[in-house]
$ cat entry.txt   # compact mmCIF, C-alpha atoms
# COMPACT_ATOMS: atom_id res chain seq x y z
CA MET A 50 154.86 59.17 51.79
CA ARG A 51 156.71 62.05 53.51
CA LEU A 52 154.10 64.50 52.30
CA GLN A 53 154.43 68.14 53.18
CA TYR A 54 151.55 70.16 54.55
CA PRO A 55 151.48 73.56 56.29
CA ALA A 56 153.08 73.43 59.74
CA ASN A 57 150.56 75.85 61.28
CA ILE A 58 147.88 73.16 61.39
CA LYS A 59 147.35 71.55 64.75
CA ILE A 60 145.80 68.12 64.56
CA ILE A 61 143.42 67.09 67.33
CA ARG A 62 142.63 63.40 67.13
CA VAL A 63 139.16 62.17 67.97
CA PRO A 64 137.91 58.58 67.83
CA CYS A 65 135.35 59.56 65.17
CA THR A 66 134.23 62.93 63.79
CA GLY A 67 130.90 62.13 65.50
CA LYS A 68 132.70 63.05 68.73
CA ILE A 69 133.15 66.65 67.56
CA ASP A 70 130.67 69.03 69.07
CA VAL A 71 129.68 72.60 68.21
CA LEU A 72 131.21 73.55 71.53
CA HIS A 73 134.63 72.16 70.55
CA ILE A 74 134.62 74.26 67.38
CA LEU A 75 133.47 77.43 69.16
CA ARG A 76 135.99 77.01 71.99
CA ALA A 77 138.77 76.68 69.43
CA PHE A 78 137.76 80.04 67.95
CA GLU A 79 137.39 81.54 71.42
CA LYS A 80 140.95 80.45 72.14
CA GLY A 81 142.15 82.18 68.99
CA ALA A 82 142.17 79.58 66.22
CA ASP A 83 141.92 81.25 62.79
CA GLY A 84 140.08 78.32 61.27
CA VAL A 85 138.80 74.89 62.26
CA TYR A 86 138.13 72.05 59.87
CA ALA A 87 136.93 68.55 60.52
CA VAL A 88 138.29 65.68 58.46
CA GLY A 89 136.02 62.66 58.52
CA CYS A 90 135.56 59.44 56.62
CA MET A 91 133.73 59.35 53.31
CA GLU A 92 129.98 59.68 53.61
CA GLY A 93 128.50 56.21 53.91
CA ASP A 94 131.81 54.77 55.15
CA CYS A 95 131.49 55.65 58.83
CA ARG A 96 132.43 52.74 61.05
CA TYR A 97 129.79 53.96 63.47
CA GLU A 98 127.29 54.50 60.66
CA SER A 99 126.45 58.17 61.18
CA GLY A 100 129.42 59.80 62.95
CA ASN A 101 130.50 61.87 59.94
CA PHE A 102 126.92 62.96 59.23
CA ARG A 103 126.61 64.16 62.81
CA ALA A 104 129.86 66.06 62.41
CA LYS A 105 128.63 67.62 59.16
CA LYS A 106 125.51 68.94 60.92
CA ARG A 107 127.49 70.26 63.85
CA VAL A 108 129.96 72.03 61.60
CA GLU A 109 126.96 73.63 59.85
CA GLN A 110 125.54 74.71 63.21
CA ALA A 111 128.89 76.20 64.18
CA GLN A 112 128.99 78.06 60.84
CA GLN A 113 125.57 79.54 61.52
CA ILE A 114 126.56 80.67 65.01
CA LEU A 115 129.83 82.16 63.75
CA ASN A 116 127.98 84.08 61.03
CA THR A 117 125.50 85.40 63.60
CA ILE A 118 128.20 86.69 65.95
CA GLY A 119 130.17 88.37 63.19
CA ILE A 120 132.96 85.86 62.64
CA SER A 121 132.83 84.35 59.18
CA GLY A 122 131.29 80.88 59.13
CA GLU A 123 133.64 80.15 56.25
CA ARG A 124 136.38 79.70 58.83
CA THR A 125 135.04 76.26 59.61
CA ARG A 126 134.14 73.41 57.30
CA MET A 127 134.03 69.67 56.94
CA TYR A 128 136.04 67.51 54.56
CA ASN A 129 135.49 63.84 53.79
CA LEU A 130 138.23 61.52 52.63
CA SER A 131 139.34 57.95 53.16
CA SER A 132 142.28 56.99 55.36
CA GLY A 133 144.20 55.93 52.26
CA GLU A 134 144.21 59.40 50.76
CA GLY A 135 147.33 60.96 52.27
CA PRO A 136 148.00 63.27 49.31
CA LEU A 137 144.42 64.59 49.49
CA PHE A 138 144.86 65.23 53.22
CA ALA A 139 147.91 67.38 52.46
CA GLU A 140 146.04 69.15 49.67
CA ILE A 141 143.10 69.91 51.96
CA ALA A 142 145.50 71.28 54.57
CA ARG A 143 146.98 73.61 51.96
CA GLU A 144 143.55 74.61 50.63
CA MET A 145 142.20 75.43 54.08
CA THR A 146 145.34 77.34 55.06
CA GLU A 147 145.10 79.42 51.88
CA LYS A 148 141.43 80.12 52.45
CA ILE A 149 141.97 81.22 56.05
CA ARG A 150 144.93 83.36 55.01
CA LYS A 151 142.66 85.20 52.61
CA LEU A 152 140.05 85.69 55.36
CA GLY A 153 142.72 87.07 57.68
CA PRO A 154 143.26 86.41 61.37
CA ASN A 155 140.45 85.48 63.75
CA PRO A 156 138.89 88.80 64.89
CA ILE A 157 138.54 87.38 68.41
CA LYS A 158 142.29 86.99 68.66
CA LEU A 159 142.73 90.63 67.64
CA ALA A 160 139.97 91.81 70.00
CA LYS A 161 141.59 89.92 72.88
CA LYS A 162 144.93 91.56 72.18
CA LYS A 163 143.26 94.97 72.03
CA ALA A 164 141.45 94.36 75.33
CA ALA A 165 144.64 93.18 77.10
CA MET B 44 108.50 66.61 79.69
CA ILE B 45 108.36 70.32 79.04
CA VAL B 46 109.60 70.99 75.51
CA ALA B 47 111.42 74.21 74.77
CA ASP B 48 113.17 75.61 71.74
CA LYS B 49 116.24 77.81 71.51
CA LYS B 50 115.81 81.53 71.18
CA PRO B 51 117.76 83.12 68.33
CA ILE B 52 121.13 84.46 69.54
CA GLU B 53 120.24 87.89 68.12
CA GLU B 54 117.24 88.11 70.46
CA ILE B 55 119.35 87.08 73.45
CA ILE B 56 122.02 89.64 72.57
CA GLU B 57 119.30 92.30 72.54
CA GLU B 58 118.10 91.17 76.00
CA ILE B 59 121.48 91.36 77.71
CA LYS B 60 123.57 93.86 75.73
CA ASP B 61 123.41 96.60 78.36
CA TYR B 62 124.86 94.47 81.16
CA ASN B 63 128.46 93.72 82.01
CA LYS B 64 128.26 90.54 84.06
CA ILE B 65 125.90 87.73 83.13
CA LEU B 66 125.25 84.29 84.54
CA ILE B 67 123.89 81.79 82.04
CA LEU B 68 121.91 79.32 84.07
CA GLY B 69 121.04 75.95 82.56
CA CYS B 70 118.73 73.25 83.82
CA ASN B 71 119.50 69.54 83.91
CA GLU B 72 115.93 68.37 83.40
CA CYS B 73 113.50 68.67 80.49
CA VAL B 74 115.40 71.35 78.57
CA THR B 75 118.50 69.16 78.63
CA VAL B 76 116.56 66.30 77.04
CA CYS B 77 115.13 68.56 74.33
CA GLU B 78 118.61 70.03 73.79
CA ALA B 79 117.59 73.63 74.37
CA GLY B 80 118.91 74.58 77.80
CA GLY B 81 121.22 71.94 79.26
CA LYS B 82 124.87 72.20 80.19
CA LYS B 83 125.99 71.81 76.58
CA GLU B 84 123.67 74.52 75.27
CA VAL B 85 124.80 76.79 78.11
CA GLY B 86 128.42 76.24 77.00
CA ILE B 87 127.68 76.92 73.33
CA LEU B 88 125.65 80.06 74.04
CA ALA B 89 128.20 81.37 76.54
CA SER B 90 131.05 80.84 74.09
CA ALA B 91 129.13 82.52 71.25
CA LEU B 92 128.13 85.51 73.41
CA ARG B 93 131.64 85.95 74.82
CA MET B 94 133.01 86.06 71.28
CA TYR B 95 130.26 88.41 70.07
CA PHE B 96 130.80 91.00 72.79
CA LEU B 97 134.58 90.72 72.60
CA ASN B 98 134.34 91.34 68.87
CA GLN B 99 132.16 94.39 69.57
CA GLY B 100 134.85 95.72 71.87
CA LYS B 101 132.63 95.37 74.93
CA GLU B 102 133.96 93.87 78.12
CA MET B 103 131.39 91.34 79.20
CA LYS B 104 131.90 88.66 81.80
CA ILE B 105 129.76 85.65 81.01
CA ASP B 106 129.76 82.72 83.43
CA GLU B 107 128.10 79.34 83.12
CA ARG B 108 126.25 77.25 85.64
CA THR B 109 123.75 74.43 85.27
CA LEU B 110 121.47 73.42 88.11
CA GLU B 111 119.82 70.06 88.62
CA ARG B 112 116.46 71.85 88.38
CA GLN B 113 115.33 75.44 88.43
CA CYS B 114 111.81 74.58 89.53
CA ASP B 115 112.92 73.47 93.01
CA ASN B 116 114.01 75.77 95.80
CA GLU B 117 116.70 73.46 97.11
CA TYR B 118 118.62 73.52 93.82
CA LEU B 119 118.06 77.24 93.26
CA GLU B 120 119.68 77.85 96.65
CA GLU B 121 122.98 76.64 95.14
CA ILE B 122 123.50 80.02 93.51
CA ARG B 123 122.57 82.01 96.63
CA ASP B 124 126.17 83.07 97.28
CA ILE B 125 126.95 84.10 93.71
CA ALA B 126 123.68 85.49 92.31
CA ASP B 127 124.32 89.04 93.53
CA GLU B 128 127.64 89.16 91.71
CA TYR B 129 125.81 89.36 88.39
CA ASP B 130 123.99 92.19 86.64
CA ALA B 131 121.51 89.69 85.19
CA ILE B 132 120.78 85.99 84.94
CA LEU B 133 119.96 84.43 81.59
CA SER B 134 117.99 81.30 82.38
CA LEU B 135 117.84 78.53 79.81
CA ALA B 136 115.19 76.69 81.83
CA CYS B 137 111.52 76.53 80.83
CA GLY B 138 109.20 79.38 81.77
CA VAL B 139 108.71 77.78 85.18
CA GLY B 140 112.43 77.83 85.92
CA VAL B 141 112.82 81.43 84.72
CA GLN B 142 109.98 82.59 86.97
CA PHE B 143 111.06 80.57 89.97
CA THR B 144 114.60 81.91 89.67
CA ALA B 145 113.22 85.45 89.43
CA GLU B 146 111.05 84.87 92.51
CA ARG B 147 114.04 83.63 94.51
CA TYR B 148 116.41 86.40 93.47
CA HIS B 149 114.58 89.71 93.59
CA SER B 150 117.53 91.99 93.05
CA VAL B 151 118.81 90.38 89.85
CA PRO B 152 116.83 90.61 86.59
CA VAL B 153 116.22 87.19 85.04
CA TYR B 154 115.86 86.80 81.28
CA PRO B 155 114.57 83.80 79.32
CA GLY B 156 117.00 82.13 76.94
CA VAL B 157 114.53 79.64 75.44
CA ASN B 158 110.95 79.62 74.21
CA THR B 159 108.88 77.16 76.23
CA CYS B 160 106.60 75.31 73.84
CA PHE B 161 104.53 72.44 75.25
CA LEU B 162 104.33 69.17 77.19
CA GLY B 163 105.56 66.56 74.78
CA ALA B 164 107.62 63.54 73.94
CA THR B 165 110.80 62.87 71.97
CA GLU B 166 109.55 60.98 68.91
CA GLU B 167 113.08 60.85 67.59
CA ARG B 168 116.15 62.95 68.12
CA GLY B 169 115.31 66.42 66.89
CA LEU B 170 111.56 65.82 66.77
CA TRP B 171 109.38 66.65 69.75
CA THR B 172 105.61 66.58 69.62
CA GLU B 173 102.82 67.67 71.91
CA ARG B 174 101.03 65.06 73.99
CA CYS B 175 99.39 66.80 76.93
CA GLN B 176 97.77 70.14 77.69
CA ALA B 177 97.59 69.57 81.44
CA CYS B 178 93.79 69.98 81.46
CA GLY B 179 93.69 68.66 85.02
CA GLN B 180 91.07 65.97 84.37
CA CYS B 181 92.60 63.10 82.44
CA ILE B 182 90.34 61.19 80.07
CA LEU B 183 92.96 58.93 78.47
CA ALA B 184 91.29 55.90 80.04
CA TYR B 185 88.36 56.30 77.64
CA THR B 186 90.18 57.27 74.50
CA GLY B 187 92.57 54.37 74.05
CA GLY B 188 95.48 56.30 75.55
CA ILE B 189 95.33 59.02 72.89
CA CYS B 190 94.49 62.51 74.08
CA PRO B 191 91.90 64.44 72.06
CA VAL B 192 92.46 67.55 74.22
CA SER B 193 96.06 67.97 73.12
CA ARG B 194 96.04 66.21 69.77
CA CYS B 195 92.74 67.26 68.22
CA ALA B 196 92.93 70.84 66.94
CA LYS B 197 89.37 71.42 68.16
CA ARG B 198 89.81 69.55 71.45
CA LEU B 199 86.72 67.53 70.52
CA LEU B 200 85.51 64.98 73.04
CA ASN B 201 83.16 63.29 70.56
CA GLY B 202 85.06 63.25 67.32
CA PRO B 203 86.07 63.20 64.62
CA CYS B 204 84.70 66.33 62.99
CA GLY B 205 83.95 66.73 59.29
CA GLY B 206 87.46 67.99 58.66
CA SER B 207 89.01 64.57 59.14
CA SER B 208 90.13 63.22 55.80
CA ASN B 209 92.10 60.04 55.14
CA GLY B 210 93.18 60.01 58.76
CA LYS B 211 94.56 63.54 58.59
CA CYS B 212 93.41 66.81 60.14
CA GLU B 213 92.08 69.62 57.97
CA ILE B 214 94.37 72.20 59.52
CA ASN B 215 97.47 70.42 58.30
CA LYS B 216 97.76 67.46 55.94
CA GLU B 217 100.73 66.10 57.89
CA LEU B 218 98.84 66.12 61.17
CA ASP B 219 97.14 62.89 62.20
CA CYS B 220 93.47 63.20 63.10
CA ALA B 221 93.48 62.38 66.82
CA TRP B 222 90.02 60.86 66.61
CA GLN B 223 91.07 58.61 63.73
CA LEU B 224 93.96 57.45 65.93
CA ILE B 225 91.55 56.88 68.82
CA ILE B 226 89.14 54.85 66.72
CA ASP B 227 91.96 52.76 65.22
CA ARG B 228 93.39 52.10 68.66
CA LEU B 229 90.04 51.21 70.23
CA LYS B 230 89.42 48.85 67.31
CA GLU B 231 92.77 47.14 67.95
CA LEU B 232 91.90 46.81 71.62
CA ASP B 233 88.45 45.45 70.73
CA ARG B 234 86.94 48.31 72.71
CA LEU B 235 84.91 50.07 70.02
CA ASP B 236 81.95 49.99 72.44
CA ASP B 237 83.77 52.77 74.30
CA TYR B 238 83.63 54.89 71.17
CA GLU B 239 79.84 54.59 71.08
CA LYS B 240 79.54 56.24 74.48
CA ILE B 241 78.84 59.95 74.30
CA PHE B 242 81.21 62.06 76.37
CA PRO B 243 79.36 64.36 78.75
CA LEU B 244 80.45 68.00 79.01
CA LYS B 245 83.99 68.10 80.37
CA ASP B 246 84.66 70.08 83.53
CA TRP B 247 87.04 72.71 82.18
CA SER B 248 87.41 74.44 85.53
CA THR B 249 90.52 72.33 86.12
CA ASP B 250 91.96 73.60 82.84
CA ARG B 251 93.36 77.13 82.44
CA ALA B 252 89.79 78.45 82.26
CA GLY B 253 89.78 78.58 86.05
CA GLY B 254 92.89 80.78 86.16
CA PRO B 255 96.31 79.71 87.48
CA ARG B 256 96.07 76.33 89.16
CA LYS B 257 97.65 74.66 92.12
CA VAL B 258 97.88 71.18 93.56
CA VAL B 259 97.70 71.00 97.34
CA ARG B 260 98.64 67.71 98.96
CA GLU B 261 98.21 67.80 102.71
CA ASP B 262 99.41 64.19 102.93
CA VAL B 263 102.89 65.02 101.70
CA LYS B 264 103.26 68.47 103.22
CA LEU B 265 105.88 68.78 105.95
$ encode --input "entry.txt" --output "structure tokens"
Amino acid sequence: MRLQYPANIKIIRVPCTGKIDVLHILRAFEKGADGVYAVGCMEGDCRYESGNFRAKKRVEQAQQILNTIGISGERTRMYNLSSGEGPLFAEIAREMTEKIRKLGPNPIKLAKKKAA
Amino acid sequence: MIVADKKPIEEIIEEIKDYNKILILGCNECVTVCEAGGKKEVGILASALRMYFLNQGKEMKIDERTLERQCDNEYLEEIRDIADEYDAILSLACGVGVQFTAERYHSVPVYPGVNTCFLGATEERGLWTERCQACGQCILAYTGGICPVSRCAKRLLNGPCGGSSNGKCEINKELDCAWQLIIDRLKELDRLDDYEKIFPLKDWSTDRAGGPRKVVREDVKL
């Protein structure tokens, strides 16, 4: 399809979104990521039955933690789409990039630079 | 197992905010199973706290370590060489682990990172319920394997009371009446004769009423 999506997005492949843990999301922010989003299968279509539901809960937990420590929980979220929806994948990438741009850079990244 | 629940991050921040070097100490036993203080929870809390303090412009070194158990001297010895390097230890073990760590390391303040709740079982992931109050004189043999001490709100030994309604307890409509469970179970086991027996007064001196308890076993002492 040769679809274009923002080049600043780094894709980390996991066997199923059920593999994603709160810790993975937090570590990404700790390392300076401006936003983290999980892209899983449609709800009800998980090959492992509940992987994407687990991911949804963990993303919510990460949001809560991020809000508590003063980094907007909006920087992380979960999307669901099927593997046949390439154009939607590109659209989501653009949407998330725009949203994060509006929120500005990860304050941790700035704090690290200041401390260095 | 001992069931614990996470403390809110805000409360933990308040506990440790005046220090500069913290060791978050997890425990591989009960608190790992109830997902409150195992290696993963240590990692999540450490990451969140590092980010919080960095964001506040405070330099805070937060290290992670998880011991096999914090209620055993031999495992607690594993941090002997490093404990003094920290201003404080934040223990994610149950209250036993927190106290035992504090007893072993006098010079370092030890703070609790979880709320220890009860002795219970994992009914399903994310749902833990109380099963035992460690009364020191087990009566499960006579009650069909269901404990009225921990599961009846009144700890009745000859129940149920008048507050039992449709198998539920009067203090909470979602709570099963322990004595209803006992009767149903004894009926299934064809042991309702046991229910007819009146329980004598229970010796509560083995419960907390006698103060802090200990078990001494000369046969296993070295």
$ closest_atom_pairs --input "entry.txt" --of "chain B" --to "chain A" --cutoff "12 Å" --atoms "all atoms listed in the file" --output "Markdown table"
| residue | atom | partner | partner_atom | distance |
| --- | --- | --- | --- | --- |
| B:Pro51 | CA | A:Thr117 | CA | 9.4 |
| B:Ile52 | CA | A:Thr117 | CA | 7.4 |
| B:Glu53 | CA | A:Thr117 | CA | 7.4 |
| B:Glu54 | CA | A:Thr117 | CA | 11.1 |
| B:Ile55 | CA | A:Ile118 | CA | 11.6 |
| B:Ile56 | CA | A:Ile118 | CA | 9.5 |
| B:Lys82 | CA | A:Leu72 | CA | 10.8 |
| B:Lys83 | CA | A:Leu72 | CA | 7.5 |
| B:Glu84 | CA | A:Leu72 | CA | 8.5 |
| B:Val85 | CA | A:Leu72 | CA | 9.7 |
| B:Gly86 | CA | A:Leu72 | CA | 6.7 |
| B:Ile87 | CA | A:Leu72 | CA | 5.2 |
| B:Leu88 | CA | A:Leu72 | CA | 8.9 |
| B:Ala89 | CA | A:Leu72 | CA | 9.8 |
| B:Ser90 | CA | A:Leu75 | CA | 6.5 |
| B:Ala91 | CA | A:Ile118 | CA | 6.8 |
| B:Leu92 | CA | A:Ile118 | CA | 7.6 |
| B:Arg93 | CA | A:Glu79 | CA | 8.0 |
| B:Met94 | CA | A:Glu79 | CA | 6.3 |
| B:Tyr95 | CA | A:Ile118 | CA | 4.9 |
| B:Phe96 | CA | A:Ile118 | CA | 8.5 |
| B:Leu97 | CA | A:Ala160 | CA | 6.1 |
| B:Asn98 | CA | A:Ala160 | CA | 5.8 |
| B:Gln99 | CA | A:Ala160 | CA | 8.2 |
| B:Gly100 | CA | A:Ala160 | CA | 6.7 |
| B:Lys101 | CA | A:Ala164 | CA | 8.9 |
| B:Glu102 | CA | A:Ala164 | CA | 8.0 |
| B:Met103 | CA | A:Ala164 | CA | 11.2 |
| B:Arg168 | CA | A:Arg103 | CA | 11.8 |
$ atom_distance --input "entry.txt" --atom1 "CA of Val192 (chain B)" --atom2 "CA of Val258 (chain B)"
20.4 Å
$ residues_around --input "entry.txt" --residues "Thr66 (chain A)" --least-positions-apart "2" --cutoff "9 Å" --atoms "only C-alpha atoms" --output "list in words"
Val63, Pro64, Lys68, Ile69, Asp70, Ala87, Val88, Gly89, Cys90, Gly100, Asn101, Phe102, Arg103, Ala104 and Lys105 of chain A
$ write_last_selection --input "entry.txt" --atoms "C-alpha atoms" --output "CSV table (one decimal), in the frame of the given file"
chain,number,residue,atom,x,y,z
A,63,VAL,CA,139.2,62.2,68.0
A,64,PRO,CA,137.9,58.6,67.8
A,68,LYS,CA,132.7,63.0,68.7
A,69,ILE,CA,133.2,66.6,67.6
A,70,ASP,CA,130.7,69.0,69.1
A,87,ALA,CA,136.9,68.6,60.5
A,88,VAL,CA,138.3,65.7,58.5
A,89,GLY,CA,136.0,62.7,58.5
A,90,CYS,CA,135.6,59.4,56.6
A,100,GLY,CA,129.4,59.8,63.0
A,101,ASN,CA,130.5,61.9,59.9
A,102,PHE,CA,126.9,63.0,59.2
A,103,ARG,CA,126.6,64.2,62.8
A,104,ALA,CA,129.9,66.1,62.4
A,105,LYS,CA,128.6,67.6,59.2
$ atom_distance --input "entry.txt" --atom1 "CA of Leu218 (chain B)" --atom2 "CA of Thr165 (chain B)"
16.4 Å
$ atom_distance --input "entry.txt" --atom1 "CA of Arg198 (chain B)" --atom2 "CA of Glu213 (chain B)"
13.7 Å
$ residues_around --input "entry.txt" --residues "Val139 (chain B)" --least-positions-apart "6" --cutoff "9 Å" --atoms "all atoms listed in the file" --output "list in words"
Gln113, Cys114 and Thr159 of chain B
$ closest_residue --input "entry.txt" --among "A:Gly81, A:Tyr86, A:Gln113, A:Pro136" --to "Lys162 (chain A)" --atoms "all atoms listed in the file"
A:Gly81
$ closest_residue --input "entry.txt" --among "B:Lys60, B:Ala177, B:Lys240, B:Tyr185" --to "Arg256 (chain B)" --atoms "only C-alpha atoms"
B:Ala177
$ residues_around --input "entry.txt" --residues "Tyr129 (chain B)" --least-positions-apart "6" --cutoff "7 Å" --atoms "only C-alpha atoms" --output "PyMOL selection string"
chain B and resi 64-66
$ closest_residue --input "entry.txt" --among "A:Asn116, A:Ser132, A:Leu137, A:Gly122" --to "Asp94 (chain A)" --atoms "all atoms listed in the file"
A:Ser132
$ closest_residue --input "entry.txt" --among "A:Met50, A:Ala56, A:Val85, A:Cys95" --to "Met127 (chain A)" --atoms "all atoms listed in the file"
A:Val85
$ decode --input "entry.txt" --residues "region 69-81 of chain B" --atoms "N, CA, C and O atoms" --output "mmCIF file, in the first residue's frame"
data_model
loop_
_atom_site.group_PDB
_atom_site.id
_atom_site.type_symbol
_atom_site.label_atom_id
_atom_site.label_comp_id
_atom_site.auth_asym_id
_atom_site.auth_seq_id
_atom_site.Cartn_x
_atom_site.Cartn_y
_atom_site.Cartn_z
ATOM 1 N N GLY B 69 11.845 -5.875 47.256
ATOM 2 C CA GLY B 69 10.674 -6.723 47.037
ATOM 3 C C GLY B 69 10.834 -8.070 47.703
ATOM 4 O O GLY B 69 11.885 -8.383 48.272
ATOM 5 N N CYS B 70 9.789 -8.863 47.660
ATOM 6 C CA CYS B 70 9.812 -10.188 48.267
ATOM 7 C C CYS B 70 9.187 -11.174 47.279
ATOM 8 O O CYS B 70 8.133 -10.902 46.702
ATOM 9 N N ASN B 71 9.869 -12.302 47.104
ATOM 10 C CA ASN B 71 9.424 -13.271 46.094
ATOM 11 C C ASN B 71 8.295 -14.197 46.543
ATOM 12 O O ASN B 71 7.910 -15.090 45.798
ATOM 13 N N GLU B 72 7.816 -14.010 47.752
ATOM 14 C CA GLU B 72 6.823 -14.971 48.255
ATOM 15 C C GLU B 72 5.399 -14.431 48.108
ATOM 16 O O GLU B 72 5.015 -14.029 47.029
ATOM 17 N N CYS B 73 4.664 -14.408 49.201
ATOM 18 C CA CYS B 73 3.227 -14.092 49.150
ATOM 19 C C CYS B 73 2.897 -12.817 48.359
ATOM 20 O O CYS B 73 1.975 -12.801 47.555
ATOM 21 N N VAL B 74 3.674 -11.743 48.613
ATOM 22 C CA VAL B 74 3.325 -10.472 47.974
ATOM 23 C C VAL B 74 3.571 -10.486 46.460
ATOM 24 O O VAL B 74 3.060 -9.628 45.732
ATOM 25 N N THR B 75 4.350 -11.479 46.007
ATOM 26 C CA THR B 75 4.526 -11.640 44.560
ATOM 27 C C THR B 75 3.255 -12.266 43.982
ATOM 28 O O THR B 75 2.746 -11.849 42.952
ATOM 29 N N VAL B 76 2.727 -13.253 44.718
ATOM 30 C CA VAL B 76 1.521 -13.948 44.256
ATOM 31 C C VAL B 76 0.317 -12.996 44.246
ATOM 32 O O VAL B 76 -0.492 -13.017 43.326
ATOM 33 N N CYS B 77 0.231 -12.127 45.248
ATOM 34 C CA CYS B 77 -0.911 -11.198 45.254
ATOM 35 C C CYS B 77 -0.558 -9.882 44.554
ATOM 36 O O CYS B 77 -1.276 -8.883 44.710
ATOM 37 N N GLU B 78 0.518 -9.913 43.779
ATOM 38 C CA GLU B 78 0.871 -8.818 42.865
ATOM 39 C C GLU B 78 0.942 -7.444 43.534
ATOM 40 O O GLU B 78 0.467 -6.447 43.003
ATOM 41 N N ALA B 79 1.515 -7.453 44.746
ATOM 42 C CA ALA B 79 1.644 -6.175 45.463
ATOM 43 C C ALA B 79 3.107 -5.799 45.692
ATOM 44 O O ALA B 79 3.432 -4.616 45.726
ATOM 45 N N GLY B 80 3.977 -6.803 45.837
ATOM 46 C CA GLY B 80 5.352 -6.452 46.213
ATOM 47 C C GLY B 80 6.427 -7.349 45.641
ATOM 48 O O GLY B 80 7.497 -7.510 46.225
ATOM 49 N N GLY B 81 6.150 -7.942 44.474
ATOM 50 C CA GLY B 81 7.151 -8.800 43.825
ATOM 51 C C GLY B 81 8.090 -7.994 42.955
ATOM 52 O O GLY B 81 8.065 -6.753 42.962
#
